[in-house]
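Printed here is query-v4.cif (mmCIF, C-alpha atoms):
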data_query
#
loop_
_atom_site.group_PDB
_atom_site.id
_atom_site.type_symbol
_atom_site.label_atom_id
_atom_site.label_comp_id
_atom_site.auth_asym_id
_atom_site.auth_seq_id
_atom_site.Cartn_x
_atom_site.Cartn_y
_atom_site.Cartn_z
ATOM 1 C CA ILE I 199 45.981 9.769 195.801
ATOM 2 C CA GLU I 200 47.380 12.598 193.719
ATOM 3 C CA GLU I 201 50.482 12.745 195.958
ATOM 4 C CA CYS I 202 51.445 9.373 194.425
ATOM 5 C CA HIS I 203 52.574 11.074 191.226
ATOM 6 C CA ASP I 204 53.764 8.097 189.202
ATOM 7 C CA SER I 205 51.228 5.574 190.483
ATOM 8 C CA LEU I 206 48.123 4.183 188.863
ATOM 9 C CA GLN I 207 45.510 6.350 190.575
ATOM 10 C CA VAL I 208 42.093 4.795 191.113
ATOM 11 C CA ASP I 209 39.015 6.931 190.556
ATOM 12 C CA PHE I 210 36.043 5.205 192.164
ATOM 13 C CA ALA I 211 33.852 6.660 189.481
ATOM 14 C CA ASN I 212 30.253 7.336 188.776
ATOM 15 C CA LYS I 213 29.002 5.144 185.914
ATOM 16 C CA PHE I 214 28.581 8.460 184.090
ATOM 17 C CA ILE I 215 32.252 9.366 183.924
ATOM 18 C CA GLY I 216 33.073 12.695 185.535
ATOM 19 C CA GLY I 217 30.602 12.260 188.358
ATOM 20 C CA GLY I 218 28.225 14.984 187.339
ATOM 21 C CA ILE I 219 28.123 18.560 188.481
ATOM 22 C CA ASP I 220 26.601 19.531 191.801
ATOM 23 C CA SER I 221 27.429 21.748 194.765
ATOM 24 C CA THR I 222 29.934 19.301 196.284
ATOM 25 C CA CYS I 223 33.299 18.014 195.142
ATOM 26 C CA HIS I 224 34.154 14.423 195.915
ATOM 27 C CA GLN I 225 37.038 12.299 194.665
ATOM 28 C CA GLU I 226 36.009 12.123 191.017
ATOM 29 C CA GLN I 227 35.077 15.795 190.681
ATOM 30 C CA ILE I 228 38.369 16.789 192.366
ATOM 31 C CA LEU I 229 40.388 14.620 189.976
ATOM 32 C CA PHE I 230 38.631 16.243 187.005
ATOM 33 C CA ALA I 231 39.320 19.713 188.455
ATOM 34 C CA ILE I 232 43.068 19.172 188.924
ATOM 35 C CA TYR I 233 43.564 17.060 185.771
ATOM 36 C CA PRO I 234 41.381 18.911 183.218
ATOM 37 C CA GLU I 235 42.441 16.521 180.418
ATOM 38 C CA LEU I 236 40.119 13.993 182.059
ATOM 39 C CA PHE I 237 37.122 15.902 180.674
ATOM 40 C CA ILE I 238 37.925 14.369 177.263
ATOM 41 C CA THR I 239 36.727 11.023 178.638
ATOM 42 C CA THR I 240 33.202 12.441 178.988
ATOM 43 C CA LEU I 241 33.150 12.796 175.196
ATOM 44 C CA LEU I 242 34.557 9.332 174.516
ATOM 45 C CA CYS I 243 32.607 7.308 177.068
ATOM 46 C CA GLU I 244 29.031 8.246 177.829
ATOM 47 C CA ARG I 245 28.554 5.581 180.465
ATOM 48 C CA LEU I 246 30.602 2.748 181.962
ATOM 49 C CA GLU I 247 29.061 -0.629 181.296
ATOM 50 C CA PRO I 248 29.072 -3.347 183.993
ATOM 51 C CA TYR I 249 32.131 -4.947 182.354
ATOM 52 C CA GLU I 250 34.163 -1.761 181.677
ATOM 53 C CA SER I 251 36.924 0.221 183.338
ATOM 54 C CA ILE I 252 38.694 3.148 181.718
ATOM 55 C CA VAL I 253 42.432 3.795 181.900
ATOM 56 C CA ILE I 254 43.578 7.325 181.093
ATOM 57 C CA ALA I 255 47.325 7.665 180.597
ATOM 58 C CA GLY I 256 49.651 10.656 180.594
ATOM 59 C CA VAL I 257 47.512 13.324 182.272
ATOM 60 C CA GLN I 258 49.133 16.393 183.803
ATOM 61 C CA GLN I 259 48.126 18.023 187.077
ATOM 62 C CA PHE I 260 47.599 21.780 186.648
ATOM 63 C CA SER I 261 46.236 22.973 189.991
ATOM 64 C CA LYS I 262 46.398 22.470 193.738
ATOM 65 C CA TYR I 263 43.362 22.337 195.977
ATOM 66 C CA LYS I 264 42.390 22.299 199.603
ATOM 67 C CA GLY I 265 39.385 20.813 201.357
ATOM 68 C CA TYR I 266 36.839 18.242 200.322
ATOM 69 C CA SER I 267 33.127 18.259 199.513
ATOM 70 C CA GLU I 268 31.613 21.651 200.402
ATOM 71 C CA GLU I 269 35.031 22.852 201.654
ATOM 72 C CA PHE I 270 36.792 22.221 198.316
ATOM 73 C CA ALA I 271 38.677 25.255 196.982
ATOM 74 C CA TYR I 272 41.317 26.092 194.381
ATOM 75 C CA ALA I 273 44.728 26.568 196.054
ATOM 76 C CA GLY I 274 46.920 27.794 193.190
ATOM 77 C CA CYS I 275 48.906 26.518 190.239
ATOM 78 C CA PHE I 276 50.698 23.183 190.459
ATOM 79 C CA SER I 277 54.146 22.489 189.045
ATOM 80 C CA ASP I 278 53.908 18.851 188.005
ATOM 81 C CA PRO I 279 57.085 16.971 189.068
ATOM 82 C CA LEU I 280 56.565 14.449 186.270
ATOM 83 C CA ILE I 281 57.257 16.974 183.497
ATOM 84 C CA GLY I 282 60.313 15.652 181.648
ATOM 85 C CA LYS I 283 59.904 12.100 183.020
ATOM 86 C CA TYR I 284 58.187 10.375 180.123
ATOM 87 C CA ASP I 285 57.318 6.722 179.627
ATOM 88 C CA SER I 286 58.333 4.621 176.627
ATOM 89 C CA LEU I 287 55.417 6.122 174.638
ATOM 90 C CA ASN I 288 56.515 9.696 175.463
ATOM 91 C CA ARG I 289 53.690 10.334 177.940
ATOM 92 C CA LEU I 290 53.787 11.462 181.534
ATOM 93 C CA PRO I 291 53.987 8.299 183.665
ATOM 94 C CA ARG I 292 50.652 8.925 185.387
ATOM 95 C CA GLN I 293 47.616 6.739 184.822
ATOM 96 C CA ILE I 294 44.137 7.131 186.200
ATOM 97 C CA VAL I 295 41.686 4.252 186.120
ATOM 98 C CA ALA I 296 37.951 4.893 186.435
ATOM 99 C CA ILE I 297 36.007 2.057 188.051
ATOM 100 C CA ASP I 298 32.353 2.382 189.008
ATOM 101 C CA ALA I 299 31.644 0.204 192.002
ATOM 102 C CA LEU I 300 28.089 -0.698 192.884
ATOM 103 C CA ASN I 301 26.715 1.009 195.972
ATOM 104 C CA LEU I 302 24.451 -1.484 197.666
ATOM 105 C CA ALA I 303 24.626 0.115 201.117
ATOM 106 C CA LYS I 304 21.076 1.463 200.823
ATOM 107 C CA SER I 305 19.726 -1.614 199.087
ATOM 108 C CA GLU I 306 16.888 -3.464 200.764
ATOM 109 C CA ASP I 307 18.710 -6.717 200.057
ATOM 110 C CA LYS I 308 22.295 -6.026 201.203
ATOM 111 C CA VAL I 309 23.130 -9.732 201.018
ATOM 112 C CA LYS I 310 22.994 -9.697 197.205
ATOM 113 C CA GLN I 311 26.330 -7.847 197.157
ATOM 114 C CA PHE I 312 27.871 -11.187 198.157
ATOM 115 C CA SER I 313 26.366 -13.075 195.228
ATOM 116 C CA GLN I 314 28.719 -14.499 192.629
ATOM 117 C CA GLU I 315 27.334 -12.118 189.987
ATOM 118 C CA TYR I 316 28.163 -8.973 191.977
ATOM 119 C CA ILE I 317 31.495 -10.226 193.305
ATOM 120 C CA LEU I 318 32.667 -11.157 189.792
ATOM 121 C CA ARG I 319 31.529 -7.782 188.450
ATOM 122 C CA GLU I 320 33.587 -5.878 191.019
ATOM 123 C CA LEU I 321 36.639 -8.163 190.791
ATOM 124 C CA ASN I 322 36.696 -8.067 186.987
ATOM 125 C CA LYS I 323 36.465 -4.260 186.914
ATOM 126 C CA ALA I 324 39.251 -3.960 189.475
ATOM 127 C CA TYR I 325 41.433 -6.504 187.658
ATOM 128 C CA VAL I 326 41.064 -4.819 184.277
ATOM 129 C CA GLY I 327 41.635 -1.401 185.814
ATOM 130 C CA PHE I 328 44.614 -2.353 187.948
ATOM 131 C CA ILE I 329 46.423 -3.872 184.974
ATOM 132 C CA GLY I 330 46.585 -0.317 183.714
ATOM 133 C CA ASP I 331 47.535 0.717 180.219
ATOM 134 C CA PHE I 332 48.082 -2.446 178.168
ATOM 135 C CA MET I 333 50.238 -0.475 175.698
ATOM 136 C CA CYS I 334 52.633 0.450 178.497
ATOM 137 C CA ASN I 335 56.046 -1.162 178.631
ATOM 138 C CA PRO I 336 56.151 -3.539 181.647
ATOM 139 C CA LYS I 337 59.102 -1.552 183.061
ATOM 140 C CA ASP I 338 56.794 1.512 183.176
ATOM 141 C CA LYS I 339 54.200 -0.234 185.358
ATOM 142 C CA SER I 340 53.627 1.395 188.716
ATOM 143 C CA ASP I 341 52.005 0.983 192.099
ATOM 144 C CA VAL I 342 48.268 1.442 192.655
ATOM 145 C CA ALA I 343 46.996 4.377 194.752
ATOM 146 C CA THR I 344 43.428 4.683 195.990
ATOM 147 C CA GLY I 345 41.571 7.345 197.958
ATOM 148 C CA LYS I 346 40.466 7.243 201.548
#

Please, can you express the file's structure as structure tokens?
Amino acid sequence: IEECHDSLQVDFANKFIGGGIDSTCHQEQILFAIYPELFITTLLCERLEPYESIVIAGVQQFSKYKGYSEEFAYAGCFSDPLIGKYDSLNRLPRQIVAIDALNLAKSEDKVKQFSQEYILRELNKAYVGFIGDFMCNPKDKSDVATGK
């Protein structure tokens, strides 16, 4: 998703923003590694509530990487192509939205993911997140990019 420089990039987050630290690097940990400004969100939001999404605007990419999970590795400095291309609020035109989706794959009752309660939870989080930064000028709105 990071190749879509001026898109709203979706971080399918852990409810504890940042994803925690362990021996593997998945989407959220990789985003935090290449956009270190995202670590500020761990101070401002301890945990995403069932009705919350977080939009982080104007972050800069500082590093390249290669691999995924156990194969993740630093691959050098990154020259961000958005430097000098600022939005109407003088920020880089990159937004990242953190949305924690429920993982019911291992649930004993997989059918409950299709209940109105769970469907509305996921749709509302996605809707709020995909709107992006509400302070953004409508002409600065961008496409949405998600991971694999």

For Asp298 in chain I: contacts at 7 Å, only C-alpha atoms, fewer than 3 positions along chain excluded, given as a compact mmCIF listing (two decimals) with C-alpha atoms, in the frame of the given file:
# COMPACT_ATOMS: atom_id res chain seq x y z
CA PHE I 210 36.04 5.20 192.16
CA ALA I 211 33.85 6.66 189.48
CA ASN I 212 30.25 7.34 188.78
CA LYS I 213 29.00 5.14 185.91

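For the pair CA of Leu242 in chain I and CA of Phe214 in chain I, the interatomic distance is 11.3 Å.
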
Q.
Counting only C-alpha atoms, find residues at most 10 Å from (45.8, 17.1, 180.4) (file frame) and give them as a ChimeraX atom specification.
A. /I:230,232-238,255-260,290

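In this structure, CA of Val295 in chain I sits 14.4 Å away from CA of Arg245 in chain I.
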
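For the pair CA of Gly217 in chain I and CA of Thr240 in chain I, the separation is 9.7 Å.
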
**Q.** Residue contacts of Leu321 in chain I (12 Å, only C-alpha atoms) excluding same-chain residues fewer than 6 positions away, as a PyMOL selection string
**A.** chain I and resi 248-251+297-300+312+314-315+327-328

Expected file: the selected residues, C-alpha atoms, as a compact mmCIF listing (two decimals), keeping the file's coordinate frame:
# COMPACT_ATOMS: atom_id res chain seq x y z
CA PRO I 248 29.07 -3.35 183.99
CA TYR I 249 32.13 -4.95 182.35
CA GLU I 250 34.16 -1.76 181.68
CA SER I 251 36.92 0.22 183.34
CA ILE I 297 36.01 2.06 188.05
CA ASP I 298 32.35 2.38 189.01
CA ALA I 299 31.64 0.20 192.00
CA LEU I 300 28.09 -0.70 192.88
CA PHE I 312 27.87 -11.19 198.16
CA GLN I 314 28.72 -14.50 192.63
CA GLU I 315 27.33 -12.12 189.99
CA GLY I 327 41.64 -1.40 185.81
CA PHE I 328 44.61 -2.35 187.95

Q) If you count all atoms listed in the file, which residues fall within 7 Å of Tyr263 in chain I, apart from same-chain ones fewer than 2 positions away, as a PyMOL selection string? A) chain I and resi 261+265+270-273

Q. How would you write, as a PyMOL selection string, the residues chosen by the PyMOL selection byres ((chain I and resi 223) around 7) on this structure?
A. chain I and resi 221-222+224-225+227-228+266-268+270

Could you write out as JSON the box around range 321-324 of chain I (axis-aligned, all atoms listed in the file, 4 Å on each side), with centre and edge lengths in Å to one decimal?
{"center_x": 37.9, "center_y": -6.1, "center_z": 188.9, "size_x": 10.8, "size_y": 12.2, "size_z": 11.9}

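Distance annotation: of I:Asn301, I:Lys283, I:Glu226, I:Glu269, the residue with the minimal separation from Glu320 in chain I is I:Asn301; atom set is all atoms listed in the file.
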
Q | Val253 in chain I environment, 10 Å, all atoms listed in the file, sequence neighbours closer than 5 positions dropped, as number ranges by chain | A | I: 206-209, 239, 293-297, 326-332

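Among the candidates I:Ala324, I:Lys308, I:Ser205, I:Leu229, the residue lying nearest to Ile252 in chain I is I:Ala324 (atoms considered: all atoms listed in the file).
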
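Ranking I:Lys264, I:Arg292, I:Leu318, I:Glu306 by their shortest atom-to-atom distance to Ala343 in chain I, with all atoms listed in the file included, puts I:Arg292 first.
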
**Q.** For Lys323 in chain I, the nearest of the candidates I:Gln311, I:Glu247, I:Leu241, I:Gly216, counting all atoms listed in the file
**A.** I:Glu247
